[in-house]
$ cat final00.csv   # CSV, N, CA and C atoms
chain,number,residue,atom,x,y,z
A,135,MET,N,109.4,69.7,54.8
A,135,MET,CA,109.8,70.2,56.1
A,135,MET,C,108.5,70.6,56.8
A,136,LYS,N,108.3,70.2,58.1
A,136,LYS,CA,107.2,70.5,58.8
A,136,LYS,C,107.3,71.9,59.5
A,137,THR,N,106.3,72.7,59.4
A,137,THR,CA,106.3,74.0,60.1
A,137,THR,C,105.4,73.9,61.3
A,138,TYR,N,105.7,74.7,62.3
A,138,TYR,CA,104.9,74.8,63.5
A,138,TYR,C,104.4,76.2,63.7
A,139,LYS,N,103.2,76.2,64.3
A,139,LYS,CA,102.6,77.5,64.6
A,139,LYS,C,103.5,78.2,65.7
A,140,ALA,N,103.6,79.5,65.5
A,140,ALA,CA,104.4,80.2,66.5
A,140,ALA,C,103.6,80.3,67.8
A,141,GLY,N,104.3,80.0,68.9
A,141,GLY,CA,103.7,80.1,70.2
A,141,GLY,C,103.8,81.5,70.7
A,142,ILE,N,103.3,81.7,71.9
A,142,ILE,CA,103.4,83.0,72.5
A,142,ILE,C,104.7,83.1,73.3
A,143,PRO,N,105.3,84.3,73.4
A,143,PRO,CA,106.5,84.5,74.1
A,143,PRO,C,106.4,84.0,75.6
A,144,TYR,N,107.5,83.5,76.1
A,144,TYR,CA,107.4,83.0,77.5
A,144,TYR,C,107.0,84.0,78.5
A,145,HIS,N,107.4,85.2,78.3
A,145,HIS,CA,107.1,86.3,79.3
A,145,HIS,C,105.5,86.5,79.3
A,146,ASP,N,104.9,86.5,78.1
A,146,ASP,CA,103.5,86.7,78.0
A,146,ASP,C,102.8,85.5,78.7
A,147,TRP,N,103.3,84.3,78.5
A,147,TRP,CA,102.7,83.1,79.1
A,147,TRP,C,102.8,83.2,80.6
A,148,GLU,N,104.0,83.6,81.1
A,148,GLU,CA,104.2,83.7,82.5
A,148,GLU,C,103.3,84.7,83.2
A,149,VAL,N,103.1,85.9,82.6
A,149,VAL,CA,102.3,86.9,83.1
A,149,VAL,C,100.8,86.4,83.1
A,150,GLU,N,100.4,85.7,82.1
A,150,GLU,CA,99.0,85.2,82.1
A,150,GLU,C,98.8,84.1,83.2
A,151,LYS,N,99.8,83.3,83.4
A,151,LYS,CA,99.7,82.3,84.4
A,151,LYS,C,99.6,82.9,85.8
A,152,LEU,N,100.4,83.9,86.0
A,152,LEU,CA,100.4,84.6,87.3
A,152,LEU,C,99.1,85.4,87.5
A,153,ARG,N,98.6,85.9,86.5
A,153,ARG,CA,97.3,86.6,86.5
A,153,ARG,C,96.1,85.7,86.9
A,154,SER,N,96.2,84.5,86.3
A,154,SER,CA,95.1,83.5,86.5
A,154,SER,C,95.2,82.7,87.7
A,155,ASP,N,96.4,82.7,88.4
A,155,ASP,CA,96.6,81.8,89.6
A,155,ASP,C,97.3,82.6,90.6
A,156,PRO,N,96.6,83.4,91.5
A,156,PRO,CA,97.2,84.2,92.5
A,156,PRO,C,98.1,83.5,93.5
A,157,GLU,N,97.7,82.2,93.8
A,157,GLU,CA,98.5,81.4,94.7
A,157,GLU,C,99.9,81.1,94.1
A,158,LEU,N,99.9,80.8,92.8
A,158,LEU,CA,101.2,80.6,92.1
A,158,LEU,C,102.1,81.9,92.2
A,159,GLY,N,101.4,83.0,92.1
A,159,GLY,CA,102.2,84.3,92.2
A,159,GLY,C,102.8,84.4,93.6
A,160,VAL,N,102.0,84.1,94.6
A,160,VAL,CA,102.6,84.2,96.0
A,160,VAL,C,103.7,83.3,96.2
A,161,GLU,N,103.6,82.0,95.7
A,161,GLU,CA,104.7,81.1,95.9
A,161,GLU,C,106.0,81.5,95.1
A,162,CYS,N,105.8,82.0,93.9
A,162,CYS,CA,106.9,82.5,93.1
A,162,CYS,C,107.6,83.7,93.8
A,163,LEU,N,106.7,84.6,94.4
A,163,LEU,CA,107.3,85.7,95.1
A,163,LEU,C,108.1,85.3,96.3
A,164,LYS,N,107.6,84.3,97.0
A,164,LYS,CA,108.3,83.8,98.2
A,164,LYS,C,109.7,83.3,97.8
A,165,LEU,N,109.8,82.6,96.8
A,165,LEU,CA,111.1,82.1,96.3
A,165,LEU,C,112.0,83.2,95.8
A,166,ALA,N,111.4,84.1,95.1
A,166,ALA,CA,112.1,85.3,94.6
A,166,ALA,C,112.7,86.1,95.7
A,167,LEU,N,111.9,86.4,96.8
A,167,LEU,CA,112.4,87.2,97.9
A,167,LEU,C,113.5,86.5,98.7
A,168,GLU,N,113.4,85.1,98.7
A,168,GLU,CA,114.5,84.4,99.4
A,168,GLU,C,115.8,84.5,98.7
A,169,SER,N,115.8,84.7,97.4
A,169,SER,CA,117.1,84.7,96.7
A,169,SER,C,117.6,86.1,96.4
A,170,LEU,N,116.9,87.1,97.0
A,170,LEU,CA,117.4,88.5,96.8
A,170,LEU,C,118.7,88.7,97.5
A,171,ASN,N,119.1,87.9,98.4
A,171,ASN,CA,120.4,88.0,99.1
A,171,ASN,C,121.5,87.6,98.2
A,172,SER,N,121.3,86.8,97.3
A,172,SER,CA,122.4,86.3,96.4
A,172,SER,C,122.6,87.2,95.2
A,173,PRO,N,123.7,87.8,95.1
A,173,PRO,CA,124.0,88.7,93.9
A,173,PRO,C,123.8,87.9,92.6
A,174,ASP,N,124.0,86.7,92.5
A,174,ASP,CA,123.9,85.9,91.3
A,174,ASP,C,122.4,85.7,90.9
A,175,GLU,N,121.5,85.7,91.9
A,175,GLU,CA,120.1,85.4,91.7
A,175,GLU,C,119.2,86.6,91.8
A,176,ARG,N,119.8,87.7,92.2
A,176,ARG,CA,119.0,88.9,92.4
A,176,ARG,C,118.2,89.4,91.2
A,177,GLY,N,118.9,89.4,90.0
A,177,GLY,CA,118.2,89.9,88.8
A,177,GLY,C,117.0,89.1,88.5
A,178,GLY,N,117.1,87.7,88.6
A,178,GLY,CA,115.9,86.9,88.4
A,178,GLY,C,114.8,87.2,89.3
A,179,SER,N,115.2,87.4,90.6
A,179,SER,CA,114.2,87.7,91.6
A,179,SER,C,113.4,89.0,91.3
A,180,LEU,N,114.1,90.0,90.8
A,180,LEU,CA,113.5,91.3,90.5
A,180,LEU,C,112.6,91.2,89.3
A,181,LEU,N,113.1,90.3,88.3
A,181,LEU,CA,112.2,90.1,87.1
A,181,LEU,C,111.0,89.4,87.5
A,182,THR,N,111.0,88.5,88.5
A,182,THR,CA,109.8,87.8,88.9
A,182,THR,C,108.8,88.8,89.5
A,183,LEU,N,109.4,89.7,90.4
A,183,LEU,CA,108.5,90.7,90.9
A,183,LEU,C,107.9,91.6,89.9
A,184,ARG,N,108.7,91.9,88.8
A,184,ARG,CA,108.2,92.7,87.7
A,184,ARG,C,107.1,92.0,87.0
A,185,SER,N,107.3,90.7,86.7
A,185,SER,CA,106.2,89.9,86.1
A,185,SER,C,104.9,89.9,86.9
A,186,LEU,N,105.1,89.8,88.2
A,186,LEU,CA,103.9,89.9,89.1
A,186,LEU,C,103.2,91.2,89.0
A,187,ALA,N,104.0,92.3,89.0
A,187,ALA,CA,103.4,93.6,88.8
A,187,ALA,C,102.7,93.7,87.5
A,188,GLU,N,103.2,93.2,86.5
A,188,GLU,CA,102.6,93.2,85.2
A,188,GLU,C,101.3,92.4,85.2
A,189,ALA,N,101.3,91.3,86.0
A,189,ALA,CA,100.1,90.5,86.1
A,189,ALA,C,99.0,91.2,86.9
A,190,TYR,N,99.4,92.1,87.8
A,190,TYR,CA,98.4,92.8,88.6
A,190,TYR,C,98.0,94.1,88.0
A,191,GLY,N,98.0,94.2,86.7
A,191,GLY,CA,97.5,95.4,86.0
A,191,GLY,C,98.5,96.2,85.2
A,192,GLY,N,99.8,95.8,85.3
A,192,GLY,CA,100.8,96.5,84.5
A,192,GLY,C,101.7,97.4,85.4
A,193,LEU,N,102.9,97.6,84.9
A,193,LEU,CA,103.8,98.4,85.7
A,193,LEU,C,103.3,99.8,85.9
A,194,GLY,N,102.7,100.4,84.9
A,194,GLY,CA,102.2,101.8,85.0
A,194,GLY,C,101.2,101.9,86.1
A,195,ALA,N,100.2,101.0,86.1
A,195,ALA,CA,99.1,101.0,87.1
A,195,ALA,C,99.6,100.8,88.5
A,196,VAL,N,100.5,99.8,88.6
A,196,VAL,CA,101.1,99.5,89.9
A,196,VAL,C,101.9,100.6,90.4
A,197,ALA,N,102.7,101.3,89.6
A,197,ALA,CA,103.5,102.4,90.0
A,197,ALA,C,102.6,103.6,90.5
A,198,ALA,N,101.5,103.8,89.7
A,198,ALA,CA,100.6,104.9,90.1
A,198,ALA,C,100.0,104.6,91.4
A,199,LYS,N,99.5,103.4,91.7
A,199,LYS,CA,98.9,103.1,92.9
A,199,LYS,C,99.8,103.1,94.1
A,200,ALA,N,101.1,102.8,93.8
A,200,ALA,CA,102.1,102.7,94.8
A,200,ALA,C,102.7,104.1,95.1
A,201,GLY,N,102.4,105.1,94.3
A,201,GLY,CA,103.0,106.4,94.4
A,201,GLY,C,104.4,106.5,94.0
A,202,ILE,N,104.8,105.7,93.0
A,202,ILE,CA,106.2,105.7,92.5
A,202,ILE,C,106.1,106.0,91.0
A,203,SER,N,107.1,106.7,90.5
A,203,SER,CA,107.1,107.0,89.0
A,203,SER,C,107.3,105.7,88.3
A,204,ARG,N,106.7,105.6,87.1
A,204,ARG,CA,106.8,104.4,86.3
A,204,ARG,C,108.2,104.1,85.9
A,205,GLU,N,109.0,105.1,85.6
A,205,GLU,CA,110.4,104.9,85.2
A,205,GLU,C,111.2,104.4,86.4
A,206,SER,N,110.9,104.9,87.6
A,206,SER,CA,111.6,104.4,88.8
A,206,SER,C,111.3,103.0,89.1
A,207,LEU,N,110.0,102.6,88.8
A,207,LEU,CA,109.7,101.2,89.1
A,207,LEU,C,110.3,100.3,88.0
A,208,TYR,N,110.4,100.7,86.8
A,208,TYR,CA,111.1,99.9,85.8
A,208,TYR,C,112.5,99.7,86.1
A,209,ARG,N,113.2,100.8,86.6
A,209,ARG,CA,114.6,100.7,87.0
A,209,ARG,C,114.8,99.8,88.2
A,210,SER,N,113.9,99.9,89.2
A,210,SER,CA,114.0,99.1,90.4
A,210,SER,C,113.8,97.7,90.2
A,211,LEU,N,113.0,97.3,89.2
A,211,LEU,CA,112.6,95.9,89.0
A,211,LEU,C,113.3,95.4,87.7
A,212,SER,N,114.5,96.0,87.4
A,212,SER,CA,115.3,95.5,86.3
A,212,SER,C,116.3,94.5,86.8
A,213,PRO,N,117.0,93.7,86.0
A,213,PRO,CA,117.9,92.8,86.5
A,213,PRO,C,119.0,93.4,87.4
A,214,LYS,N,119.4,94.6,87.1
A,214,LYS,CA,120.4,95.3,87.9
A,214,LYS,C,119.8,96.3,88.8
A,215,GLY,N,118.5,96.2,89.1
A,215,GLY,CA,117.9,97.1,90.0
A,215,GLY,C,118.2,96.9,91.4
A,216,ASN,N,118.0,97.9,92.2
A,216,ASN,CA,118.2,97.9,93.6
A,216,ASN,C,117.1,98.6,94.4
A,217,PRO,N,115.9,98.0,94.4
A,217,PRO,CA,114.8,98.7,95.0
A,217,PRO,C,115.0,98.9,96.5
A,218,THR,N,114.5,100.0,97.0
A,218,THR,CA,114.5,100.3,98.4
A,218,THR,C,113.4,99.5,99.1
A,219,LEU,N,113.5,99.4,100.4
A,219,LEU,CA,112.5,98.7,101.1
A,219,LEU,C,111.1,99.4,101.0
A,220,LYS,N,111.2,100.7,100.9
A,220,LYS,CA,109.9,101.5,100.7
A,220,LYS,C,109.3,101.1,99.4
A,221,THR,N,110.1,101.0,98.3
A,221,THR,CA,109.5,100.6,97.0
A,221,THR,C,108.9,99.2,97.1
A,222,LEU,N,109.7,98.2,97.6
A,222,LEU,CA,109.2,96.9,97.7
A,222,LEU,C,107.9,96.8,98.5
A,223,VAL,N,107.8,97.5,99.6
A,223,VAL,CA,106.6,97.4,100.4
A,223,VAL,C,105.4,98.1,99.7
A,224,ALA,N,105.7,99.2,99.0
A,224,ALA,CA,104.6,99.9,98.3
A,224,ALA,C,104.1,99.0,97.1
A,225,VAL,N,105.0,98.4,96.4
A,225,VAL,CA,104.6,97.5,95.3
A,225,VAL,C,103.8,96.3,95.8
A,226,LEU,N,104.3,95.7,96.9
A,226,LEU,CA,103.6,94.5,97.5
A,226,LEU,C,102.2,94.9,98.0
A,227,ASN,N,102.1,96.1,98.7
A,227,ASN,CA,100.8,96.6,99.2
A,227,ASN,C,99.8,96.8,98.0
A,228,THR,N,100.3,97.3,96.9
A,228,THR,CA,99.5,97.6,95.8
A,228,THR,C,98.9,96.2,95.2
A,229,MET,N,99.7,95.2,95.3
A,229,MET,CA,99.2,93.9,94.8
A,229,MET,C,98.4,93.1,95.9
A,230,GLY,N,98.2,93.7,97.0
A,230,GLY,CA,97.4,93.1,98.1
A,230,GLY,C,98.3,92.1,98.9
A,231,LEU,N,99.6,92.3,98.9
A,231,LEU,CA,100.5,91.4,99.6
A,231,LEU,C,101.2,92.2,100.6
A,232,ARG,N,101.9,91.5,101.5
A,232,ARG,CA,102.7,92.2,102.5
A,232,ARG,C,104.0,91.4,102.8
A,233,LEU,N,105.0,92.1,103.2
A,233,LEU,CA,106.3,91.5,103.6
A,233,LEU,C,106.2,91.0,105.0
A,234,SER,N,106.7,89.8,105.2
A,234,SER,CA,106.8,89.3,106.6
A,234,SER,C,108.1,88.6,106.8
A,235,VAL,N,108.4,88.4,108.0
A,235,VAL,CA,109.7,87.8,108.4
A,235,VAL,C,109.5,86.5,109.1
A,236,VAL,N,110.3,85.5,108.8
A,236,VAL,CA,110.2,84.2,109.4
A,236,VAL,C,111.6,83.8,109.8
A,237,PRO,N,111.8,82.9,110.8
A,237,PRO,CA,113.1,82.4,111.1
A,237,PRO,C,113.7,81.6,110.0
A,238,GLN,N,115.0,81.6,109.9
A,238,GLN,CA,115.6,80.8,108.9
A,238,GLN,C,115.6,79.4,109.4
A,239,PRO,N,115.7,78.4,108.4
A,239,PRO,CA,115.8,77.0,108.8
A,239,PRO,C,117.1,76.8,109.6
A,240,LYS,N,117.2,75.8,110.5
A,240,LYS,CA,118.3,75.6,111.4
A,240,LYS,C,119.6,75.4,110.5
A,241,LYS,N,119.5,74.7,109.4
A,241,LYS,CA,120.7,74.4,108.6
A,241,LYS,C,121.3,75.7,108.1
A,242,VAL,N,120.6,76.7,107.7
A,242,VAL,CA,121.1,77.9,107.2
A,242,VAL,C,121.8,78.7,108.4
A,243,GLN,N,121.2,78.7,109.6
A,243,GLN,CA,121.8,79.3,110.7
A,243,GLN,C,123.1,78.7,111.1
A,244,ARG,N,123.2,77.4,111.1
A,244,ARG,CA,124.5,76.7,111.4
A,244,ARG,C,125.5,77.0,110.4
A,245,LYS,N,125.1,77.0,109.1
A,245,LYS,CA,126.1,77.2,108.0
A,245,LYS,C,126.7,78.6,108.2
A,246,ARG,N,125.9,79.6,108.5
A,246,ARG,CA,126.4,81.0,108.6
A,246,ARG,C,127.3,81.1,109.9
A,247,ALA,N,126.9,80.4,110.9
A,247,ALA,CA,127.7,80.4,112.2
A,247,ALA,C,129.0,79.8,111.9
A,248,ALA,N,129.1,78.7,111.1
A,248,ALA,CA,130.4,78.1,110.9
A,248,ALA,C,131.3,79.0,110.1
A,249,ARG,N,130.8,79.8,109.2
A,249,ARG,CA,131.6,80.7,108.5
A,249,ARG,C,132.1,81.9,109.3
A,250,ASN,N,131.4,82.3,110.3
A,250,ASN,CA,131.8,83.4,111.1
A,250,ASN,C,131.6,83.0,112.6
A,251,PRO,N,132.7,82.6,113.3
A,251,PRO,CA,132.6,82.1,114.7
A,251,PRO,C,132.0,83.2,115.6
A,252,ALA,N,132.3,84.5,115.3
A,252,ALA,CA,131.7,85.5,116.1
A,252,ALA,C,130.2,85.6,116.1
A,253,LYS,N,129.6,85.2,115.0
A,253,LYS,CA,128.2,85.2,114.9
A,253,LYS,C,127.6,83.9,115.5
A,254,ALA,N,128.4,82.9,115.7
A,254,ALA,CA,127.9,81.6,116.2
A,254,ALA,C,127.3,81.8,117.6
A,255,VAL,N,127.9,82.7,118.4
A,255,VAL,CA,127.3,82.9,119.7
A,255,VAL,C,126.0,83.5,119.7
A,256,ARG,N,125.8,84.5,118.7
A,256,ARG,CA,124.5,85.2,118.6
A,256,ARG,C,123.5,84.2,118.1
A,257,VAL,N,123.8,83.3,117.2
A,257,VAL,CA,122.9,82.3,116.6
A,257,VAL,C,122.4,81.4,117.7
A,258,ARG,N,123.3,80.9,118.6
A,258,ARG,CA,122.9,80.0,119.6
A,258,ARG,C,122.1,80.7,120.7
A,259,ALA,N,122.4,82.0,120.9
A,259,ALA,CA,121.6,82.7,121.9
A,259,ALA,C,120.2,83.0,121.5
A,260,ALA,N,120.0,83.1,120.2
A,260,ALA,CA,118.7,83.5,119.6
A,260,ALA,C,117.6,82.5,119.8
$ encode --input "final00.csv" --output "structure tokens"
Amino acid sequence: MKTYKAGIPYHDWEVEKLRSDPELGVECLKLALESLNSPDERGGSLLTLRSLAEAYGGLGAVAAKAGISRESLYRSLSPKGNPTLKTLVAVLNTMGLRLSVVPQPKKVQRKRAARNPAKAVRVRAA
């Protein structure tokens, strides 16, 4: 029977990749923030943000720089976490990033308008 060397855990590999490639971290964060709206995907999004925080020096260091307790940051960035906007902005600022707003693609706007005719007027007027 052939034996294989044990690899490193996925989480450790992920943190190392994010640490070594800041552009990858930004792209991962963009996707994670887009899916925060979906209850089914929110946990994964928060874990991505947590991995990024670990790549930027660890949760303790990020929490200290952001002015948040380490325990609070762990809770906020857990799969069932619910971080406040203040926490998100503080963590992103600590990592040298900022939150920005962009218009949704037209397909998403139409889809939402079709589900709620009252909002269709607002979408067309925008």
$ closest_residue --input "final00.csv" --among "A:Leu211, A:Ser203, A:Glu150, A:Leu158" --to "Arg184 (chain A)" --atoms "only C-alpha atoms"
A:Leu211
$ select_by_dssp --input "final00.csv" --residues "region 148-252 of chain A" --states "alpha helix (DSSP H)" --output "count of residues only"
71
$ residues_around --input "final00.csv" --residues "Gly215 (chain A)" --least-positions-apart "5" --cutoff "7 Å" --atoms "only N, CA and C atoms" --output "ChimeraX atom specification"
/A:177,209-210
$ residues_around --input "final00.csv" --residues "Glu148 (chain A)" --least-positions-apart "4" --cutoff "8 Å" --atoms "only N, CA and C atoms" --output "count of residues only"
9
$ atom_distance --input "final00.csv" --atom1 "atom N of Ala197 (chain A)" --atom2 "CA of Val225 (chain A)"
7.1 Å
$ atom_distance --input "final00.csv" --atom1 "CA of Pro237 (chain A)" --atom2 "atom N of Glu157 (chain A)"
23.2 Å
$ atom_distance --input "final00.csv" --atom1 "CA of Ala200 (chain A)" --atom2 "CA of Asn227 (chain A)"
7.6 Å
$ decode --input "final00.csv" --residues "region 177-191 of chain A" --atoms "N, CA and C atoms" --output "compact mmCIF listing (two decimals), in the first residue's frame"
# COMPACT_ATOMS: atom_id res chain seq x y z
N GLY A 177 -22.30 32.80 5.47
CA GLY A 177 -21.28 32.18 6.31
C GLY A 177 -19.95 32.04 5.59
N GLY A 178 -20.01 31.61 4.33
CA GLY A 178 -18.78 31.48 3.54
C GLY A 178 -18.13 32.82 3.29
N SER A 179 -18.94 33.84 3.09
CA SER A 179 -18.42 35.19 2.88
C SER A 179 -17.69 35.69 4.11
N LEU A 180 -18.27 35.46 5.27
CA LEU A 180 -17.64 35.91 6.50
C LEU A 180 -16.36 35.13 6.78
N LEU A 181 -16.34 33.84 6.44
CA LEU A 181 -15.11 33.06 6.62
C LEU A 181 -14.02 33.53 5.66
N THR A 182 -14.40 33.99 4.47
CA THR A 182 -13.41 34.54 3.54
C THR A 182 -12.80 35.81 4.13
N LEU A 183 -13.63 36.67 4.68
CA LEU A 183 -13.13 37.88 5.32
C LEU A 183 -12.24 37.53 6.51
N ARG A 184 -12.61 36.50 7.22
CA ARG A 184 -11.79 36.05 8.36
C ARG A 184 -10.43 35.55 7.88
N SER A 185 -10.40 34.78 6.81
CA SER A 185 -9.13 34.30 6.25
C SER A 185 -8.27 35.47 5.80
N LEU A 186 -8.89 36.48 5.21
CA LEU A 186 -8.14 37.67 4.81
C LEU A 186 -7.55 38.38 6.01
N ALA A 187 -8.32 38.48 7.08
CA ALA A 187 -7.81 39.12 8.29
C ALA A 187 -6.63 38.33 8.85
N GLU A 188 -6.71 37.01 8.79
CA GLU A 188 -5.60 36.18 9.24
C GLU A 188 -4.38 36.40 8.35
N ALA A 189 -4.59 36.57 7.06
CA ALA A 189 -3.47 36.80 6.14
C ALA A 189 -2.82 38.16 6.38
N TYR A 190 -3.58 39.11 6.90
CA TYR A 190 -3.06 40.46 7.15
C TYR A 190 -2.53 40.60 8.57
N GLY A 191 -2.04 39.54 9.16
CA GLY A 191 -1.40 39.64 10.47
C GLY A 191 -2.09 38.89 11.58
